[in-house]
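Here is the structure we will look at, set down as structure tokens.
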Amino acid sequence: MKIGILASTDRQQAWPKGSEADSQISWVQNSQDAAHFDIFIDLNFDAHPERIRDYAGNSDTVFLLSAVNHTPEAALFKERLPYWGEKIFGINAIPGFLERSTLEISDPFEIKDEVFETVQQSLPFAQYEWVKSRVGMVTPRIVFMIINEAYYTMQEGTAAAPDIDTAMKLGTAYPHGPFEWKDKCGIANVYRTLEAMYEDTKEERYKICPALKTEYLKSGIR
């Protein structure tokens with residue numbers, strides 16, 4: 001199968017390498033190239049949900065769209081586009097998670113049984129974790145909420161970042177502490193996802209800690 005991937009540099013670097021699928025991959029620069037591929041993967045769809053206009057109406061290509069901050073169905077609704085049978089899946093393409101052997105994936109239009117078996121052998125993942133199509137998916141929702149709480153703890157002067165990381169790893173057996181996770185995922189991705197989850201739910205637990213917001217603004221990344 002011909003695979004096209006549209007990605008920023010950081011997400012291209014995070015994409016798993018060394019699989020048989022590598023020879024089938026073309027890295028592209030334009031969402032309008034999607035029609036030339038059997039599988040089209042947009043690793044930056046979260047930042048450009050308007051690209052759904054280029055994918056709508058194409059029922060020949062299987063789409064995997066980074067869908068942590070914007071679900072595919074919400075993007076279609078916002079652009080006032082109907083679902084005409086496009087084969088669309090949402091994935092967690094945030095660096096720090098994308099490198100794992102397990103891909104977090106959603107099936108917003110309930111088409112998994114029809115099409116996914118035909119494409120999964122072309123993807124470089126050993127396992128697939130099927131989750132509900134929702135802002136934040138599952139892993140980012142949990143990890144980024146923990147990161148946000150860690151910033152509150154640091155802001156209050158209870159503990160410094162290295163001590164919080166150590167305590168989390170020793171106390172919960174997490175592979176990384178919250179600030180280590182933040183570095184792996186990128187402060188901008190953490191901020192944008194928390195912002196999207198708060199806008200979606202209005203739950204206080206996703207309200208961004210001022211210290212985290214300050215770090216994001218100082219980073220200069222938008």
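Labels used: A, B, ... for chains in the order of the structure tokens, numbers from 1 for residues in each chain, and numbers from 1 for ligands as shown.
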
Helix (DSSP H, G or I) positions in chain A, given as a ChimeraX atom specification = /A:9-14,20-24,31-36,45-47,49-55,72-78,112-118,120-122,139-155,161-172,178-185,187-201,204-206,210-219

Proximity of stretch 148-193 of chain A to stretch 65-86 of chain A: per-residue shortest pair, 10 Å limit, only C-alpha atoms, as a Markdown table:
| residue | atom | partner | partner_atom | distance |
| --- | --- | --- | --- | --- |
| A:Asn189 | CA | A:Asn69 | CA | 9.4 |
| A:Arg192 | CA | A:Asn69 | CA | 7.4 |
| A:Thr193 | CA | A:Asn69 | CA | 5.7 |

task = Would you list the contacts of stretch 36-53 of chain A as a ChimeraX atom specification, taking every protein, DNA or RNA residue within 6 Å and counting only C-alpha atoms, but skipping same-chain residues closer than 3 positions in sequence?
result = /A:1-7,33,56,61-67,69-70,75,93

ask   = So which residues touch stretch 161-177 of chain A within 9 Å, counting only C-alpha atoms, skipping near sequence neighbours fewer than 6 positions away, as number ranges by chain?
value = A: 147, 150-151, 153-154

query = Could you pull the residues within 10 Å of A:Glu149, counting only C-alpha atoms, minus those fewer than 3 positions along the same chain, as a PyMOL selection string?
reply = chain A and resi 143-146+152-155+178+205-209+212

task = Mind the document's chain letters and residue numbers, and return as JSON, numbers by chain the residues of stretch 15-130 of chain A that DSSP labels strand (DSSP E or B).
result = {"A": [25, 26, 27, 28, 39, 40, 41, 42, 62, 63, 64, 65, 66, 87, 88, 89, 90, 91, 102, 103, 104, 105, 106, 127, 128, 129, 130]}

N, CA and C atoms of the current selection, written as a PDB file, in the first residue's frame:
ATOM      1  N   ILE A  25       6.437   4.477   2.523  1.00  0.00           N
ATOM      2  CA  ILE A  25       6.083   5.800   3.024  1.00  0.00           C
ATOM      3  C   ILE A  25       6.659   6.912   2.156  1.00  0.00           C
ATOM      4  N   SER A  26       5.825   7.906   1.892  1.00  0.00           N
ATOM      5  CA  SER A  26       6.259   9.151   1.271  1.00  0.00           C
ATOM      6  C   SER A  26       5.898  10.282   2.233  1.00  0.00           C
ATOM      7  N   TRP A  27       6.878  11.094   2.574  1.00  0.00           N
ATOM      8  CA  TRP A  27       6.619  12.248   3.429  1.00  0.00           C
ATOM      9  C   TRP A  27       6.201  13.398   2.527  1.00  0.00           C
ATOM     10  N   VAL A  28       5.034  13.954   2.773  1.00  0.00           N
ATOM     11  CA  VAL A  28       4.462  14.962   1.880  1.00  0.00           C
ATOM     12  C   VAL A  28       4.326  16.297   2.608  1.00  0.00           C
ATOM     13  N   ILE A  39      -3.236   5.017   2.120  1.00  0.00           N
ATOM     14  CA  ILE A  39      -3.316   5.430   3.525  1.00  0.00           C
ATOM     15  C   ILE A  39      -2.693   6.814   3.626  1.00  0.00           C
ATOM     16  N   PHE A  40      -3.400   7.745   4.245  1.00  0.00           N
ATOM     17  CA  PHE A  40      -2.859   9.089   4.433  1.00  0.00           C
ATOM     18  C   PHE A  40      -2.900   9.420   5.914  1.00  0.00           C
ATOM     19  N   ILE A  41      -1.746   9.783   6.452  1.00  0.00           N
ATOM     20  CA  ILE A  41      -1.609  10.029   7.879  1.00  0.00           C
ATOM     21  C   ILE A  41      -1.237  11.487   8.094  1.00  0.00           C
ATOM     22  N   ASP A  42      -2.100  12.218   8.755  1.00  0.00           N
ATOM     23  CA  ASP A  42      -1.853  13.628   9.067  1.00  0.00           C
ATOM     24  C   ASP A  42      -1.512  13.730  10.547  1.00  0.00           C
ATOM     25  N   VAL A  62      -7.682   5.618   3.235  1.00  0.00           N
ATOM     26  CA  VAL A  62      -7.882   5.459   4.673  1.00  0.00           C
ATOM     27  C   VAL A  62      -7.089   6.560   5.367  1.00  0.00           C
ATOM     28  N   PHE A  63      -7.752   7.339   6.211  1.00  0.00           N
ATOM     29  CA  PHE A  63      -7.122   8.467   6.888  1.00  0.00           C
ATOM     30  C   PHE A  63      -6.863   8.147   8.360  1.00  0.00           C
ATOM     31  N   LEU A  64      -5.662   8.451   8.819  1.00  0.00           N
ATOM     32  CA  LEU A  64      -5.334   8.445  10.237  1.00  0.00           C
ATOM     33  C   LEU A  64      -4.963   9.874  10.589  1.00  0.00           C
ATOM     34  N   LEU A  65      -5.784  10.514  11.406  1.00  0.00           N
ATOM     35  CA  LEU A  65      -5.621  11.928  11.708  1.00  0.00           C
ATOM     36  C   LEU A  65      -5.313  12.136  13.185  1.00  0.00           C
ATOM     37  N   SER A  66      -4.275  12.890  13.463  1.00  0.00           N
ATOM     38  CA  SER A  66      -3.974  13.221  14.853  1.00  0.00           C
ATOM     39  C   SER A  66      -5.179  13.931  15.451  1.00  0.00           C
ATOM     40  N   LYS A  87     -13.112   6.878   5.215  1.00  0.00           N
ATOM     41  CA  LYS A  87     -12.534   5.921   6.169  1.00  0.00           C
ATOM     42  C   LYS A  87     -11.566   6.683   7.062  1.00  0.00           C
ATOM     43  N   ILE A  88     -12.079   7.217   8.161  1.00  0.00           N
ATOM     44  CA  ILE A  88     -11.309   8.113   9.020  1.00  0.00           C
ATOM     45  C   ILE A  88     -11.151   7.524  10.415  1.00  0.00           C
ATOM     46  N   PHE A  89      -9.905   7.508  10.894  1.00  0.00           N
ATOM     47  CA  PHE A  89      -9.601   7.129  12.261  1.00  0.00           C
ATOM     48  C   PHE A  89      -8.850   8.278  12.933  1.00  0.00           C
ATOM     49  N   GLY A  90      -9.012   8.398  14.234  1.00  0.00           N
ATOM     50  CA  GLY A  90      -8.243   9.371  14.993  1.00  0.00           C
ATOM     51  C   GLY A  90      -7.095   8.671  15.704  1.00  0.00           C
ATOM     52  N   ILE A  91      -5.945   9.316  15.797  1.00  0.00           N
ATOM     53  CA  ILE A  91      -4.806   8.727  16.502  1.00  0.00           C
ATOM     54  C   ILE A  91      -4.181   9.738  17.447  1.00  0.00           C
ATOM     55  N   THR A 102       2.547   0.718  20.911  1.00  0.00           N
ATOM     56  CA  THR A 102       1.077   0.694  20.898  1.00  0.00           C
ATOM     57  C   THR A 102       0.547   2.039  20.428  1.00  0.00           C
ATOM     58  N   LEU A 103      -0.322   2.028  19.428  1.00  0.00           N
ATOM     59  CA  LEU A 103      -0.914   3.252  18.918  1.00  0.00           C
ATOM     60  C   LEU A 103      -2.304   3.432  19.508  1.00  0.00           C
ATOM     61  N   GLU A 104      -2.537   4.572  20.124  1.00  0.00           N
ATOM     62  CA  GLU A 104      -3.865   4.907  20.649  1.00  0.00           C
ATOM     63  C   GLU A 104      -4.711   5.430  19.496  1.00  0.00           C
ATOM     64  N   ILE A 105      -5.866   4.800  19.266  1.00  0.00           N
ATOM     65  CA  ILE A 105      -6.627   5.070  18.058  1.00  0.00           C
ATOM     66  C   ILE A 105      -8.128   5.064  18.347  1.00  0.00           C
ATOM     67  N   SER A 106      -8.848   5.946  17.674  1.00  0.00           N
ATOM     68  CA  SER A 106     -10.301   6.005  17.830  1.00  0.00           C
ATOM     69  C   SER A 106     -10.977   5.696  16.499  1.00  0.00           C
ATOM     70  N   GLN A 127       0.661  -3.092  18.521  1.00  0.00           N
ATOM     71  CA  GLN A 127      -0.663  -3.186  19.121  1.00  0.00           C
ATOM     72  C   GLN A 127      -1.432  -1.888  18.898  1.00  0.00           C
ATOM     73  N   TYR A 128      -2.753  -1.983  19.061  1.00  0.00           N
ATOM     74  CA  TYR A 128      -3.627  -0.822  18.918  1.00  0.00           C
ATOM     75  C   TYR A 128      -4.552  -0.752  20.131  1.00  0.00           C
ATOM     76  N   GLU A 129      -4.583   0.401  20.742  1.00  0.00           N
ATOM     77  CA  GLU A 129      -5.452   0.621  21.898  1.00  0.00           C
ATOM     78  C   GLU A 129      -6.644   1.458  21.431  1.00  0.00           C
ATOM     79  N   TRP A 130      -7.797   0.811  21.296  1.00  0.00           N
ATOM     80  CA  TRP A 130      -8.987   1.490  20.792  1.00  0.00           C
ATOM     81  C   TRP A 130      -9.658   2.274  21.914  1.00  0.00           C
TER      82      TRP A 130
END

ask   = Between atom CA of A:Trp15 and atom CA of A:Gln32, what is the spacing in Å?
value =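 Distance between the two atoms: 21.1 Å.
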
request  = Have a look at atom CA of A:Cys185 and atom CA of A:Pro95 and let me know their distance in Å, one decimal.
outcome  =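 That distance, rounded to one decimal, is 5.0 Å.
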
ask   = How many Å lie between atom CA of A:Asp54 and atom CA of A:Ala34, rounded to one decimal?
value = 7.8 Å

Residue nearest A:Pro124 among A:Lys17, A:Asp107, A:Thr158, A:Arg11 (counting only C-alpha atoms) = A:Lys17

Proximity to A:Phe109 - best of A:Gln12, A:Thr139, A:Ser133, A:Thr214, only C-alpha atoms =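 The shortest atom-to-atom distance to A:Phe109 comes from A:Ser133.
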